[in-house]
file entry_24.cif (mmCIF, C-alpha atoms and all ligand atoms)
data_work
#
loop_
_atom_site.group_PDB
_atom_site.id
_atom_site.type_symbol
_atom_site.label_atom_id
_atom_site.label_comp_id
_atom_site.auth_asym_id
_atom_site.auth_seq_id
_atom_site.Cartn_x
_atom_site.Cartn_y
_atom_site.Cartn_z
ATOM 1 C CA MET A 251 119.758 81.744 46.762
ATOM 2 C CA SER A 252 120.264 79.600 43.675
ATOM 3 C CA GLY A 253 119.138 75.968 43.756
ATOM 4 C CA PHE A 254 122.785 74.874 44.066
ATOM 5 C CA GLU A 255 123.440 77.245 46.952
ATOM 6 C CA THR A 256 120.266 76.149 48.737
ATOM 7 C CA GLN A 257 121.445 72.535 48.545
ATOM 8 C CA LEU A 258 124.925 73.521 49.704
ATOM 9 C CA TYR A 259 123.519 75.611 52.552
ATOM 10 C CA ASP A 260 121.162 72.875 53.763
ATOM 11 C CA GLY A 261 123.944 70.284 53.491
ATOM 12 C CA LEU A 262 126.329 72.397 55.572
ATOM 13 C CA LEU A 263 123.643 73.018 58.177
ATOM 14 C CA ILE A 264 122.610 69.374 58.529
ATOM 15 C CA ALA A 265 126.192 68.047 58.465
ATOM 16 C CA GLY A 266 127.234 70.693 60.982
ATOM 17 C CA LEU A 267 124.410 69.865 63.377
ATOM 18 C CA ALA A 268 125.157 66.145 63.099
ATOM 19 C CA CYS A 269 128.885 66.681 63.774
ATOM 20 C CA ALA A 270 128.238 68.655 66.956
ATOM 21 C CA ALA A 271 127.242 65.506 68.858
ATOM 22 C CA GLY A 272 130.513 63.799 67.865
ATOM 23 C CA VAL A 273 132.526 66.889 68.832
ATOM 24 C CA PHE A 274 130.814 66.992 72.228
ATOM 25 C CA VAL A 275 131.836 63.370 72.917
ATOM 26 C CA LEU A 276 135.356 63.803 71.486
ATOM 27 C CA LEU A 277 136.092 66.892 73.580
ATOM 28 C CA HIS A 278 135.488 64.891 76.762
ATOM 29 C CA PHE A 279 138.582 62.877 75.800
ATOM 30 C CA VAL A 280 140.735 65.512 74.029
ATOM 31 C CA THR A 281 140.928 68.999 75.545
ATOM 32 C CA ALA A 282 141.986 71.730 73.116
ATOM 33 C CA PRO A 283 145.673 72.430 73.939
ATOM 34 C CA TYR A 284 145.709 76.114 74.749
ATOM 35 C CA GLY A 285 145.727 78.131 77.982
ATOM 36 C CA ARG A 286 146.121 75.882 81.039
ATOM 37 C CA HIS A 287 145.721 72.787 78.857
ATOM 38 C CA ALA A 288 148.631 73.707 76.537
ATOM 39 C CA ARG A 289 150.964 70.774 75.843
ATOM 40 C CA THR A 290 153.550 69.719 73.282
ATOM 41 C CA GLY A 291 152.854 67.549 70.251
ATOM 42 C CA TRP A 292 150.409 69.857 68.471
ATOM 43 C CA GLY A 293 152.804 71.350 65.909
ATOM 44 C CA PRO A 294 153.889 74.965 65.461
ATOM 45 C CA SER A 295 152.368 77.716 67.554
ATOM 46 C CA ILE A 296 151.884 81.494 67.398
ATOM 47 C CA GLY A 297 151.441 84.178 70.053
ATOM 48 C CA SER A 298 148.034 83.921 71.682
ATOM 49 C CA VAL A 299 147.080 87.564 70.992
ATOM 50 C CA SER A 300 147.685 87.132 67.230
ATOM 51 C CA GLY A 301 145.971 83.741 67.397
ATOM 52 C CA TRP A 302 142.764 85.193 68.884
ATOM 53 C CA VAL A 303 142.675 88.048 66.354
ATOM 54 C CA LEU A 304 143.222 85.677 63.411
ATOM 55 C CA MET A 305 140.672 83.147 64.692
ATOM 56 C CA GLU A 306 137.862 85.545 65.473
ATOM 57 C CA THR A 307 138.133 88.255 62.786
ATOM 58 C CA PRO A 308 136.513 86.014 60.124
ATOM 59 C CA ALA A 309 133.373 85.969 62.284
ATOM 60 C CA VAL A 310 133.193 89.771 61.958
ATOM 61 C CA ALA A 311 133.977 89.921 58.240
ATOM 62 C CA VAL A 312 132.401 86.757 56.776
ATOM 63 C CA PHE A 313 129.111 87.316 58.589
ATOM 64 C CA ALA A 314 128.981 90.951 57.365
ATOM 65 C CA ALA A 315 129.912 90.051 53.781
ATOM 66 C CA PHE A 316 127.242 87.345 53.462
ATOM 67 C CA PHE A 317 124.641 89.458 55.205
ATOM 68 C CA LEU A 318 125.253 92.338 52.799
ATOM 69 C CA SER A 319 125.215 89.980 49.798
ATOM 70 C CA GLY A 320 121.582 89.039 50.491
ATOM 71 C CA HIS A 321 118.531 90.860 49.244
ATOM 72 C CA GLY A 322 116.878 90.785 52.660
ATOM 73 C CA CYS A 323 119.236 93.275 54.258
ATOM 74 C CA ARG A 324 117.321 96.423 53.394
ATOM 75 C CA PRO A 325 114.494 96.320 56.021
ATOM 76 C CA GLY A 326 115.541 98.071 59.195
ATOM 77 C CA TRP A 327 114.596 95.504 61.826
ATOM 78 C CA VAL A 328 117.080 92.814 60.871
ATOM 79 C CA TRP A 329 119.917 95.212 61.664
ATOM 80 C CA VAL A 330 119.158 94.614 65.352
ATOM 81 C CA PHE A 331 120.555 91.089 64.917
ATOM 82 C CA VAL A 332 123.520 92.359 62.926
ATOM 83 C CA ALA A 333 124.305 94.815 65.724
ATOM 84 C CA LEU A 334 124.155 92.069 68.398
ATOM 85 C CA TRP A 335 126.422 89.771 66.393
ATOM 86 C CA GLU A 336 128.970 92.443 65.526
ATOM 87 C CA PHE A 337 128.986 93.820 69.079
ATOM 88 C CA HIS A 338 129.951 90.378 70.338
ATOM 89 C CA TYR A 339 132.521 89.601 67.657
ATOM 90 C CA VAL A 340 134.239 92.977 67.394
ATOM 91 C CA GLN A 341 134.744 92.696 71.159
ATOM 92 C CA ARG A 342 136.034 89.123 70.885
ATOM 93 C CA ALA A 343 138.306 89.665 67.860
ATOM 94 C CA LEU A 344 139.626 93.180 68.333
ATOM 95 C CA VAL A 345 139.263 94.143 72.016
ATOM 96 C CA PHE A 346 139.467 90.957 74.152
ATOM 97 C CA PRO A 347 142.859 89.743 72.761
ATOM 98 C CA PHE A 348 144.609 93.040 73.484
ATOM 99 C CA ARG A 349 143.410 93.041 77.099
ATOM 100 C CA LEU A 350 144.657 89.509 77.862
ATOM 101 C CA ARG A 351 147.286 89.140 80.556
ATOM 102 C CA GLU A 352 149.016 86.233 78.900
ATOM 103 C CA ALA A 353 152.749 87.023 79.327
ATOM 104 C CA GLY A 354 153.698 85.827 75.854
ATOM 105 C CA LYS A 355 151.708 82.556 75.886
ATOM 106 C CA ARG A 356 151.288 80.709 72.613
ATOM 107 C CA ILE A 357 148.501 78.799 70.873
ATOM 108 C CA PRO A 358 148.946 75.966 68.325
ATOM 109 C CA VAL A 359 148.433 77.020 64.688
ATOM 110 C CA LEU A 360 146.152 73.975 64.368
ATOM 111 C CA ILE A 361 143.732 75.405 66.938
ATOM 112 C CA VAL A 362 143.775 78.759 65.130
ATOM 113 C CA VAL A 363 143.014 76.999 61.817
ATOM 114 C CA PHE A 364 140.107 75.074 63.416
ATOM 115 C CA GLY A 365 138.821 78.367 64.833
ATOM 116 C CA ILE A 366 139.013 80.094 61.439
ATOM 117 C CA ILE A 367 137.200 77.210 59.704
ATOM 118 C CA PHE A 368 134.432 77.279 62.308
ATOM 119 C CA ASN A 369 134.021 81.053 62.146
ATOM 120 C CA VAL A 370 133.868 81.076 58.333
ATOM 121 C CA TYR A 371 131.317 78.217 58.391
ATOM 122 C CA ASN A 372 129.220 79.822 61.107
ATOM 123 C CA GLY A 373 129.559 83.346 59.677
ATOM 124 C CA TYR A 374 128.321 82.071 56.321
ATOM 125 C CA LEU A 375 125.350 80.172 57.790
ATOM 126 C CA ASN A 376 124.141 83.001 60.026
ATOM 127 C CA GLY A 377 125.083 85.953 57.790
ATOM 128 C CA ARG A 378 123.580 84.437 54.665
ATOM 129 C CA TYR A 379 120.402 83.464 56.516
ATOM 130 C CA LEU A 380 119.839 86.992 57.788
ATOM 131 C CA GLY A 381 120.844 88.500 54.436
ATOM 132 C CA VAL A 382 118.303 86.393 52.547
ATOM 133 C CA HIS A 383 115.500 85.916 55.075
ATOM 134 C CA GLY A 384 116.048 88.950 57.329
ATOM 135 C CA GLY A 385 113.225 90.853 55.657
ATOM 136 C CA ALA A 386 110.769 88.528 57.411
ATOM 137 C CA TYR A 387 111.571 90.120 60.785
ATOM 138 C CA GLY A 388 109.091 92.975 61.119
ATOM 139 C CA PRO A 389 107.911 95.014 64.113
ATOM 140 C CA ALA A 390 105.568 92.196 65.212
ATOM 141 C CA TRP A 391 108.531 89.834 65.679
ATOM 142 C CA PHE A 392 110.213 92.254 68.051
ATOM 143 C CA ALA A 393 107.176 92.138 70.354
ATOM 144 C CA ASP A 394 106.973 88.324 70.125
ATOM 145 C CA PRO A 395 107.761 86.464 73.396
ATOM 146 C CA ARG A 396 110.373 84.344 71.558
ATOM 147 C CA PHE A 397 112.296 87.436 70.530
ATOM 148 C CA LEU A 398 111.935 89.065 73.942
ATOM 149 C CA ALA A 399 113.052 85.949 75.839
ATOM 150 C CA GLY A 400 115.908 85.261 73.415
ATOM 151 C CA ALA A 401 117.145 88.843 73.450
ATOM 152 C CA ALA A 402 117.027 88.913 77.258
ATOM 153 C CA ALA A 403 119.046 85.671 77.393
ATOM 154 C CA PHE A 404 121.552 87.072 74.887
ATOM 155 C CA ALA A 405 121.991 90.271 76.912
ATOM 156 C CA ALA A 406 122.295 88.390 80.217
ATOM 157 C CA GLY A 407 124.748 85.911 78.681
ATOM 158 C CA MET A 408 126.924 88.669 77.245
ATOM 159 C CA ALA A 409 126.940 90.543 80.565
ATOM 160 C CA ILE A 410 127.922 87.378 82.471
ATOM 161 C CA ASN A 411 130.612 86.523 79.908
ATOM 162 C CA LEU A 412 132.157 90.003 79.945
ATOM 163 C CA HIS A 413 132.024 90.314 83.737
ATOM 164 C CA SER A 414 133.535 86.854 84.265
ATOM 165 C CA ASP A 415 136.350 87.488 81.765
ATOM 166 C CA HIS A 416 136.972 90.786 83.586
ATOM 167 C CA ILE A 417 137.353 88.930 86.916
ATOM 168 C CA LEU A 418 139.721 86.394 85.331
ATOM 169 C CA ARG A 419 141.843 89.101 83.716
ATOM 170 C CA ASN A 420 142.276 90.872 87.039
ATOM 171 C CA LEU A 421 143.585 87.750 88.769
ATOM 172 C CA ARG A 422 146.937 88.572 87.174
ATOM 173 C CA GLN A 423 149.151 91.622 87.226
ATOM 174 C CA PRO A 424 150.569 92.609 83.823
ATOM 175 C CA GLY A 425 153.423 90.208 82.999
ATOM 176 C CA GLU A 426 152.122 87.362 85.217
ATOM 177 C CA SER A 427 151.000 84.035 83.774
ATOM 178 C CA GLY A 428 150.038 81.904 86.823
ATOM 179 C CA TYR A 429 146.598 80.917 88.094
ATOM 180 C CA ARG A 430 144.549 81.844 91.185
ATOM 181 C CA ILE A 431 141.126 80.781 92.425
ATOM 182 C CA PRO A 432 138.589 83.219 90.934
ATOM 183 C CA GLN A 433 136.018 84.693 93.316
ATOM 184 C CA GLY A 434 132.925 86.858 92.928
ATOM 185 C CA GLY A 435 130.120 87.055 90.385
ATOM 186 C CA LEU A 436 128.931 83.654 89.187
ATOM 187 C CA PHE A 437 132.271 82.101 90.226
ATOM 188 C CA ARG A 438 130.450 81.582 93.495
ATOM 189 C CA TRP A 439 128.559 78.728 91.810
ATOM 190 C CA VAL A 440 130.635 77.583 88.843
ATOM 191 C CA SER A 441 134.249 77.370 87.688
ATOM 192 C CA CYS A 442 133.544 78.766 84.212
ATOM 193 C CA PRO A 443 130.842 81.444 84.256
ATOM 194 C CA ASN A 444 132.428 83.009 81.163
ATOM 195 C CA TYR A 445 131.566 79.795 79.270
ATOM 196 C CA PHE A 446 128.116 79.723 80.898
ATOM 197 C CA GLY A 447 127.495 83.295 79.702
ATOM 198 C CA GLU A 448 128.726 82.516 76.195
ATOM 199 C CA THR A 449 126.482 79.440 75.944
ATOM 200 C CA LEU A 450 123.467 81.341 77.296
ATOM 201 C CA ALA A 451 124.044 84.216 74.848
ATOM 202 C CA TRP A 452 124.040 81.960 71.769
ATOM 203 C CA ALA A 453 121.080 79.952 73.043
ATOM 204 C CA GLY A 454 119.340 83.334 73.315
ATOM 205 C CA TRP A 455 120.408 84.177 69.774
ATOM 206 C CA ALA A 456 118.888 80.906 68.526
ATOM 207 C CA VAL A 457 115.569 81.696 70.231
ATOM 208 C CA ALA A 458 115.534 85.393 69.261
ATOM 209 C CA THR A 459 116.210 84.621 65.585
ATOM 210 C CA TRP A 460 114.110 81.399 65.741
ATOM 211 C CA SER A 461 116.410 80.010 63.074
ATOM 212 C CA LEU A 462 118.284 76.782 62.292
ATOM 213 C CA PRO A 463 121.638 78.552 61.803
ATOM 214 C CA GLY A 464 121.067 80.121 65.222
ATOM 215 C CA LEU A 465 120.442 76.624 66.617
ATOM 216 C CA PHE A 466 123.597 75.378 64.877
ATOM 217 C CA PHE A 467 125.689 78.023 66.636
ATOM 218 C CA ALA A 468 124.087 77.424 70.037
ATOM 219 C CA VAL A 469 124.615 73.645 69.788
ATOM 220 C CA TRP A 470 128.275 74.025 68.722
ATOM 221 C CA THR A 471 128.986 76.495 71.517
ATOM 222 C CA ALA A 472 127.597 74.048 74.084
ATOM 223 C CA ALA A 473 129.403 71.086 72.464
ATOM 224 C CA ASN A 474 132.680 73.001 72.689
ATOM 225 C CA LEU A 475 132.403 74.719 76.044
ATOM 226 C CA LEU A 476 130.661 72.153 78.287
ATOM 227 C CA PRO A 477 133.498 69.602 78.028
ATOM 228 C CA ARG A 478 136.131 72.359 78.298
ATOM 229 C CA ALA A 479 134.459 73.662 81.449
ATOM 230 C CA ARG A 480 134.628 70.134 82.911
ATOM 231 C CA ALA A 481 138.346 70.009 82.068
ATOM 232 C CA HIS A 482 138.928 73.430 83.715
ATOM 233 C CA HIS A 483 136.973 72.311 86.780
ATOM 234 C CA ARG A 484 138.986 69.099 87.150
ATOM 235 C CA TRP A 485 142.179 71.147 86.706
ATOM 236 C CA TYR A 486 141.182 73.516 89.535
ATOM 237 C CA LEU A 487 140.387 70.591 91.861
ATOM 238 C CA ALA A 488 143.738 68.966 91.035
ATOM 239 C CA HIS A 489 145.767 72.163 91.549
ATOM 240 C CA PHE A 490 144.100 73.858 94.546
ATOM 241 C CA ALA A 491 143.487 71.790 97.702
ATOM 242 C CA GLU A 492 141.280 74.600 99.035
ATOM 243 C CA TYR A 493 139.122 74.845 95.886
ATOM 244 C CA PRO A 494 135.422 75.328 96.825
ATOM 245 C CA THR A 495 133.872 71.873 96.553
ATOM 246 C CA ALA A 496 130.317 73.168 96.103
ATOM 247 C CA ARG A 497 131.182 74.772 92.755
ATOM 248 C CA LYS A 498 130.072 73.010 89.598
ATOM 249 C CA ALA A 499 131.852 73.257 86.237
ATOM 250 C CA ILE A 500 129.462 75.440 84.233
ATOM 251 C CA VAL A 501 125.789 75.039 85.211
ATOM 252 C CA PRO A 502 125.006 76.039 88.820
ATOM 253 C CA TYR A 503 124.061 73.016 91.005
ATOM 254 C CA LEU A 504 123.946 70.665 87.988
ATOM 255 C CA TYR A 505 127.018 70.202 85.748
HETATM 256 N N1 LIG B 1 131.812 80.349 71.304
HETATM 257 C C1 LIG B 1 132.763 79.456 71.538
HETATM 258 O O1 LIG B 1 132.638 78.312 71.128
HETATM 259 C C2 LIG B 1 133.995 79.836 72.340
HETATM 260 C C3 LIG B 1 135.095 78.968 72.352
HETATM 261 C C4 LIG B 1 136.196 79.296 73.127
HETATM 262 C C5 LIG B 1 136.226 80.468 73.847
HETATM 263 N N2 LIG B 1 135.158 81.315 73.808
HETATM 264 C C6 LIG B 1 135.170 82.542 74.621
HETATM 265 O O2 LIG B 1 136.437 83.166 74.555
HETATM 266 C C7 LIG B 1 136.828 83.666 75.835
HETATM 267 C C8 LIG B 1 138.193 83.098 76.245
HETATM 268 O O3 LIG B 1 138.124 81.690 76.243
HETATM 269 P P1 LIG B 1 139.243 80.829 77.000
HETATM 270 O O4 LIG B 1 138.979 79.409 76.625
HETATM 271 O O5 LIG B 1 140.599 81.402 76.796
HETATM 272 O O6 LIG B 1 138.796 81.103 78.521
HETATM 273 P P2 LIG B 1 139.563 80.823 79.902
HETATM 274 O O7 LIG B 1 140.320 79.548 79.854
HETATM 275 O O8 LIG B 1 138.568 81.016 80.973
HETATM 276 O O9 LIG B 1 140.677 82.006 79.966
HETATM 277 C C9 LIG B 1 140.326 83.353 79.795
HETATM 278 C C10 LIG B 1 141.550 84.211 80.212
HETATM 279 O O10 LIG B 1 141.681 84.245 81.636
HETATM 280 C C11 LIG B 1 142.882 83.628 82.045
HETATM 281 N N3 LIG B 1 142.547 82.797 83.216
HETATM 282 C C12 LIG B 1 141.594 81.842 83.236
HETATM 283 N N4 LIG B 1 141.511 81.301 84.475
HETATM 284 C C13 LIG B 1 142.430 81.933 85.226
HETATM 285 C C14 LIG B 1 142.834 81.814 86.594
HETATM 286 N N5 LIG B 1 142.243 80.939 87.422
HETATM 287 N N6 LIG B 1 143.830 82.615 87.042
HETATM 288 C C15 LIG B 1 144.419 83.504 86.213
HETATM 289 N N7 LIG B 1 144.071 83.678 84.914
HETATM 290 C C16 LIG B 1 143.092 82.897 84.418
HETATM 291 C C17 LIG B 1 143.347 82.802 80.873
HETATM 292 O O11 LIG B 1 144.749 82.601 80.902
HETATM 293 P P3 LIG B 1 145.453 81.360 80.114
HETATM 294 O O12 LIG B 1 145.078 81.523 78.658
HETATM 295 O O13 LIG B 1 146.888 81.583 80.412
HETATM 296 O O14 LIG B 1 144.887 80.092 80.699
HETATM 297 C C18 LIG B 1 142.875 83.662 79.708
HETATM 298 O O15 LIG B 1 143.770 84.730 79.514
HETATM 299 C C19 LIG B 1 135.704 83.305 76.817
HETATM 300 O O16 LIG B 1 134.861 84.421 76.980
HETATM 301 C C20 LIG B 1 134.953 82.185 76.110
HETATM 302 O O17 LIG B 1 133.591 82.172 76.438
HETATM 303 C C21 LIG B 1 134.051 81.021 73.058
#
call {"tool": "encode", "arguments": {"input": "entry_24.cif", "output": "structure tokens", "more": "lines below"}}
Ligand SMILES: NC(=O)c1ccc[n+]([C@@H]2O[C@H](COP(=O)([O-])OP(=O)(O)OC[C@H]3O[C@@H](n4cnc5c(N)ncnc54)[C@H](OP(=O)(O)O)[C@@H]3O)[C@@H](O)[C@H]2O)c1
result
Amino acid sequence: MSGFETQLYDGLLIAGLACAAGVFVLLHFVTAPYGRHARTGWGPSIGSVSGWVLMETPAVAVFAAFFLSGHGCRPGWVWVFVALWEFHYVQRALVFPFRLREAGKRIPVLIVVFGIIFNVYNGYLNGRYLGVHGGAYGPAWFADPRFLAGAAAFAAGMAINLHSDHILRNLRQPGESGYRIPQGGLFRWVSCPNYFGETLAWAGWAVATWSLPGLFFAVWTAANLLPRARAHHRWYLAHFAEYPTARKAIVPYLY
């Protein structure tokens, strides 16, 4: 990286980490207006399937472009991280949206724009880091307890996220748009195991890569999804008199 880019990169990383705390607080007061929290007053909207594809595709492409632009991409081991990232994001951008049972629901363009900005920012930070510094990950790193623990957390988080989204999807028949109480899997303990899985996966990524851009992503995922899980949980309690009272929002027994 040039001196200018190093300064830019460090500035984006530090500013991004600092902003996450503010976002975490803000999202306890303002819930992003899509899905069950959709409401008027947020400007024009687009179909939710197109919205998800537009929001998430930059995470596939920007990450790959910046990874390939670095000189550290030649050694074989770093491709393990590229495969984990792309597995997650190809699923999220190009598979998940087309399996939604959303009956024509819409998402505000503003939310899509925020999503694109975040995914470009995050794709640059993580892709560029692995492209430039990825050569440092050799065979020894892949036997290191930090990698093993992080990779296990990533795999467990992804499995929980995919399984929980599968349960949610099957609460509706094609063409339906209403809500039911989800049961099974980690729904036994929390209202939003899909968010729990997502947060665990990116915490695992941060540990497995042992990197500041990995930490940035993990912190932003938690800052975004913990307050949203609280909002979902309150919504369930307000809409279903029989909702299981022992369930927490996102962290079993705690939060
Ligand atoms: N990394 C990040 O920061 C981040 C941010 C946001 C989302 N995500 C991930 O993206 C995925 C989707 O997020 P999301 O916010 O849309 O999740 P969500 O609110 O849990 O909804 C997921 C899908 O299930 C449906 N659904 C949820 N609860 C339902 C219920 N009780 N009955 C019937 N259908 C139900 C939703 O319909 P409606 O849309 O009609 O409510 C939506 O189609 C998740 O895997 C999440 O982890 C990641």
call {"tool": "resolve_selection", "arguments": {"input": "entry_24.cif", "expression": "the PyMOL selection byres (((not hetatm)) within 8 of (chain B and resi 1))", "output": "MDAnalysis selection string"}}
result
chainID A and resid 284:287 298 342 346 350:352 355 411:412 414:415 418:422 427:432 442 444:449 452 470:472 474:475 478 482 486
call {"tool": "closest_residue", "arguments": {"input": "entry_24.cif", "among": "A:Val469, A:Ala453, A:Ala481, A:Ala499", "to": "Gly272 of chain A", "atoms": "all atoms listed in the file"}}
result
A:Val469
call {"tool": "resolve_selection", "arguments": {"input": "entry_24.cif", "expression": "the PyMOL selection byres (((chain A and resi 318-321) around 12) and not hetatm)", "output": "PDB file with C-alpha atoms, in the coordinates of the input"}}
result
ATOM      1  CA  MET A 251     119.758  81.744  46.762  1.00  0.00           C
ATOM      2  CA  SER A 252     120.264  79.600  43.675  1.00  0.00           C
ATOM      3  CA  ALA A 311     133.977  89.921  58.240  1.00  0.00           C
ATOM      4  CA  VAL A 312     132.401  86.757  56.776  1.00  0.00           C
ATOM      5  CA  PHE A 313     129.111  87.316  58.589  1.00  0.00           C
ATOM      6  CA  ALA A 314     128.981  90.951  57.365  1.00  0.00           C
ATOM      7  CA  ALA A 315     129.912  90.051  53.781  1.00  0.00           C
ATOM      8  CA  PHE A 316     127.242  87.345  53.462  1.00  0.00           C
ATOM      9  CA  PHE A 317     124.641  89.458  55.205  1.00  0.00           C
ATOM     10  CA  GLY A 322     116.878  90.785  52.660  1.00  0.00           C
ATOM     11  CA  CYS A 323     119.236  93.275  54.258  1.00  0.00           C
ATOM     12  CA  ARG A 324     117.321  96.423  53.394  1.00  0.00           C
ATOM     13  CA  PRO A 325     114.494  96.320  56.021  1.00  0.00           C
ATOM     14  CA  VAL A 328     117.080  92.814  60.871  1.00  0.00           C
ATOM     15  CA  TRP A 329     119.917  95.212  61.664  1.00  0.00           C
ATOM     16  CA  VAL A 332     123.520  92.359  62.926  1.00  0.00           C
ATOM     17  CA  TYR A 374     128.321  82.071  56.321  1.00  0.00           C
ATOM     18  CA  ASN A 376     124.141  83.001  60.026  1.00  0.00           C
ATOM     19  CA  GLY A 377     125.083  85.953  57.790  1.00  0.00           C
ATOM     20  CA  ARG A 378     123.580  84.437  54.665  1.00  0.00           C
ATOM     21  CA  TYR A 379     120.402  83.464  56.516  1.00  0.00           C
ATOM     22  CA  LEU A 380     119.839  86.992  57.788  1.00  0.00           C
ATOM     23  CA  GLY A 381     120.844  88.500  54.436  1.00  0.00           C
ATOM     24  CA  VAL A 382     118.303  86.393  52.547  1.00  0.00           C
ATOM     25  CA  HIS A 383     115.500  85.916  55.075  1.00  0.00           C
ATOM     26  CA  GLY A 384     116.048  88.950  57.329  1.00  0.00           C
ATOM     27  CA  GLY A 385     113.225  90.853  55.657  1.00  0.00           C
ATOM     28  CA  ALA A 386     110.769  88.528  57.411  1.00  0.00           C
TER      29      ALA A 386
END
call {"tool": "atom_distance", "arguments": {"input": "entry_24.cif", "atom1": "atom CA of Pro443 of chain A", "atom2": "atom CA of Val280 of chain A"}}
result
21.4 Å
call {"tool": "closest_residue", "arguments": {"input": "entry_24.cif", "among": "A:Phe274, A:Tyr259, A:Tyr387, A:Trp460", "to": "Val330 of chain A", "atoms": "all atoms listed in the file"}}
result
A:Tyr387
call {"tool": "residues_near_point", "arguments": {"input": "entry_24.cif", "point": "(130.8, 78.6, 58.6)", "cutoff": "10 Å", "atoms": "only C-alpha atoms", "output": "PyMOL selection string"}}
result
chain A and resi 259+262-263+266+308-309+312-313+366-377+463+467
call {"tool": "resolve_selection", "arguments": {"input": "entry_24.cif", "expression": "the PyMOL selection byres (((chain A and resi 397-400) around 12) and not hetatm)", "output": "PyMOL selection string"}}
result
chain A and resi 330-331+334+387-396+401-407+450-461+464-465+468
call {"tool": "atom_distance", "arguments": {"input": "entry_24.cif", "atom1": "atom CA of Arg438 of chain A", "atom2": "atom CA of Pro502 of chain A"}}
result
9.1 Å
call {"tool": "closest_residue", "arguments": {"input": "entry_24.cif", "among": "A:Arg349, A:His483, A:His489, A:Phe364", "to": "Trp439 of chain A", "atoms": "all atoms listed in the file"}}
result
A:His483
call {"tool": "atom_distance", "arguments": {"input": "entry_24.cif", "atom1": "atom CA of His416 of chain A", "atom2": "atom CA of Leu436 of chain A"}}
result
12.1 Å
call {"tool": "closest_residue", "arguments": {"input": "entry_24.cif", "among": "A:Phe279, A:Pro347, A:Leu462, A:Val362", "to": "Leu304 of chain A", "atoms": "only C-alpha atoms"}}
result
A:Val362
call {"tool": "residues_around", "arguments": {"input": "entry_24.cif", "residues": "Thr307 of chain A", "least_positions_apart": "6", "cutoff": "8 Å", "atoms": "only C-alpha atoms", "output": "mmCIF file with C-alpha atoms, in the coordinates of the input"}}
result
data_model
loop_
_atom_site.group_PDB
_atom_site.id
_atom_site.type_symbol
_atom_site.label_atom_id
_atom_site.label_comp_id
_atom_site.auth_asym_id
_atom_site.auth_seq_id
_atom_site.Cartn_x
_atom_site.Cartn_y
_atom_site.Cartn_z
ATOM 1 C CA TYR A 339 132.521 89.601 67.657
ATOM 2 C CA VAL A 340 134.239 92.977 67.394
ATOM 3 C CA ALA A 343 138.306 89.665 67.860
ATOM 4 C CA LEU A 344 139.626 93.180 68.333
#
